[in-house]
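Below is input.cif, which holds mmCIF, C-alpha atoms.
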```
data_query
loop_
_atom_site.group_PDB
_atom_site.id
_atom_site.type_symbol
_atom_site.label_atom_id
_atom_site.label_comp_id
_atom_site.auth_asym_id
_atom_site.auth_seq_id
_atom_site.Cartn_x
_atom_site.Cartn_y
_atom_site.Cartn_z
ATOM 1 C CA MET A 1 174.172 36.048 143.544
ATOM 2 C CA SER A 2 170.925 34.177 144.035
ATOM 3 C CA ILE A 3 170.364 31.956 147.035
ATOM 4 C CA LYS A 4 168.842 28.546 146.380
ATOM 5 C CA PRO A 5 165.745 27.776 148.438
ATOM 6 C CA LEU A 6 165.935 24.799 150.748
ATOM 7 C CA CYS A 7 164.442 21.598 149.352
ATOM 8 C CA ILE A 8 161.923 19.983 151.673
ATOM 9 C CA ASP A 9 162.082 16.416 150.322
ATOM 10 C CA GLU A 10 165.833 15.928 150.526
ATOM 11 C CA SER A 11 167.428 12.721 151.683
ATOM 12 C CA ILE A 12 170.704 12.161 153.445
ATOM 13 C CA ASP A 13 172.043 10.477 150.300
ATOM 14 C CA ASN A 14 171.371 13.601 148.246
ATOM 15 C CA ILE A 15 173.077 15.802 150.819
ATOM 16 C CA VAL A 16 176.122 13.527 151.006
ATOM 17 C CA ASN A 17 176.310 13.324 147.208
ATOM 18 C CA THR A 18 176.012 17.090 146.874
ATOM 19 C CA TYR A 19 178.567 18.066 149.509
ATOM 20 C CA SER A 20 180.897 15.050 149.810
ATOM 21 C CA ASN A 21 183.558 16.414 147.473
ATOM 22 C CA MET A 22 183.613 19.782 149.223
ATOM 23 C CA VAL A 23 183.805 18.276 152.718
ATOM 24 C CA TYR A 24 186.532 15.791 151.797
ATOM 25 C CA ARG A 25 188.661 18.346 149.945
ATOM 26 C CA LEU A 26 188.398 20.799 152.830
ATOM 27 C CA ALA A 27 189.249 18.080 155.366
ATOM 28 C CA PHE A 28 192.246 16.978 153.330
ATOM 29 C CA SER A 29 193.455 20.550 152.832
ATOM 30 C CA GLN A 30 193.313 21.072 156.595
ATOM 31 C CA THR A 31 195.056 17.817 157.580
ATOM 32 C CA ARG A 32 197.202 16.847 154.553
ATOM 33 C CA ASN A 33 196.509 13.246 155.555
ATOM 34 C CA LYS A 34 194.142 10.853 153.775
ATOM 35 C CA SER A 35 193.302 8.817 156.858
ATOM 36 C CA ASP A 36 192.478 11.899 158.937
ATOM 37 C CA ALA A 37 190.464 13.382 156.069
ATOM 38 C CA ASP A 38 188.457 10.136 155.850
ATOM 39 C CA ASP A 39 187.766 10.260 159.597
ATOM 40 C CA ILE A 40 186.710 13.904 159.433
ATOM 41 C CA PHE A 41 184.468 13.213 156.441
ATOM 42 C CA GLN A 42 182.651 10.501 158.403
ATOM 43 C CA GLU A 43 182.414 12.636 161.530
ATOM 44 C CA VAL A 44 180.913 15.603 159.691
ATOM 45 C CA PHE A 45 178.118 13.565 158.116
ATOM 46 C CA LEU A 46 177.500 11.621 161.329
ATOM 47 C CA ARG A 47 177.015 14.921 163.127
ATOM 48 C CA TYR A 48 174.671 16.043 160.371
ATOM 49 C CA ILE A 49 172.571 12.893 160.762
ATOM 50 C CA LYS A 50 172.651 13.034 164.556
ATOM 51 C CA ASN A 51 171.803 16.741 164.886
ATOM 52 C CA LYS A 52 169.327 16.929 161.996
ATOM 53 C CA PRO A 53 169.837 20.676 161.659
ATOM 54 C CA ASN A 54 167.189 22.801 159.962
ATOM 55 C CA PHE A 55 168.326 25.427 157.499
ATOM 56 C CA GLU A 56 166.570 28.268 155.734
ATOM 57 C CA THR A 57 168.643 27.960 152.556
ATOM 58 C CA GLU A 58 171.228 25.751 150.907
ATOM 59 C CA GLU A 59 173.820 28.416 151.645
ATOM 60 C CA HIS A 60 173.196 27.960 155.374
ATOM 61 C CA ARG A 61 173.594 24.185 155.019
ATOM 62 C CA LYS A 62 176.854 24.639 153.111
ATOM 63 C CA ALA A 63 178.190 27.092 155.700
ATOM 64 C CA TRP A 64 177.304 24.670 158.518
ATOM 65 C CA LEU A 65 179.115 21.811 156.784
ATOM 66 C CA ILE A 66 182.194 23.977 156.179
ATOM 67 C CA ARG A 67 182.286 25.141 159.807
ATOM 68 C CA VAL A 68 181.866 21.605 161.198
ATOM 69 C CA THR A 69 184.562 20.289 158.833
ATOM 70 C CA ILE A 70 187.026 22.944 159.959
ATOM 71 C CA ASN A 71 186.220 22.350 163.623
ATOM 72 C CA CYS A 72 186.661 18.586 163.231
ATOM 73 C CA ALA A 73 190.001 19.172 161.489
ATOM 74 C CA LYS A 74 191.142 21.398 164.353
ATOM 75 C CA ASN A 75 190.093 18.753 166.871
ATOM 76 C CA CYS A 76 191.917 16.112 164.835
ATOM 77 C CA GLY A 77 195.073 18.212 164.933
ATOM 78 C CA HIS A 78 194.686 18.615 168.675
ATOM 79 C CA ARG A 79 194.346 14.835 169.132
ATOM 80 C CA LEU A 80 197.405 14.274 166.950
ATOM 81 C CA GLY A 81 199.380 16.658 169.118
ATOM 82 C CA GLN A 82 198.323 14.748 172.219
ATOM 83 C CA ARG A 83 199.344 11.437 170.624
ATOM 84 C CA LYS A 84 202.754 12.799 169.756
ATOM 85 C CA LEU A 85 203.249 14.045 173.304
ATOM 86 C CA ASN A 86 202.288 10.679 174.763
ATOM 87 C CA LEU A 87 204.852 8.819 172.652
#
```

Let me see the file written as structure tokens.
Amino acid sequence: MSIKPLCIDESIDNIVNTYSNMVYRLAFSQTRNKSDADDIFQEVFLRYIKNKPNFETEEHRKAWLIRVTINCAKNCGHRLGQRKLNL
């Protein structure tokens, strides 16, 4: 398996276009809810823009996006549990 080198001249649009399907599908598989998956999708890419992480390879970028998506989904589930308790 070859690892792709990191592109220096990438834009946020290219990153979103490349990984949007993966992030959304993972978010939806974790939540089974379209609205929550949409929120997680936005949160993941907002964190990417805000943090501006530097990666050695595309594999590191992909792993970061997967980890952040899963963490956001877990946090979403936690918030949903709190909402249900407050009702």

Subject >> For CA of Ile70 (chain A) and CA of Gln30 (chain A), the interatomic separation in Å (one decimal) >> reply: 7.4 Å

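Put simply, the PyMOL selection byres ((chain A and resi 20) around 12) in this file takes in Ile12, Asp13, Asn14, Ile15, Val16, Asn17, Thr18, Tyr19, Asn21, Met22, Val23, Tyr24, Arg25, Leu26, Ala27, Ala37, Asp38, Ile40, Phe41, Gln42, Val44, Phe45, Lys62, Leu65, Ile66 and Thr69 of chain A.
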
**OP:** Would you please work out which residue, of A:Ser2, A:Ser11, A:Thr31, A:Asn54, is nearest to Cys76 (chain A) when using all atoms listed in the file?
**Re:** A:Thr31

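Going from CA of Ala73 (chain A) over to CA of Glu56 (chain A), you cover 25.8 Å.
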
Original post:
So how many Å separate CA of Val68 (chain A) and CA of Arg47 (chain A), to one decimal?
Top reply: 8.5 Å

Subject >> Among the residues A:Gly77, A:Leu46, A:Asn51, A:His60, the one that comes closest to Asn33 (chain A) [using all atoms listed in the file] >> reply: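 With all atoms listed in the file as the atom set, the closest residue is A:Gly77.
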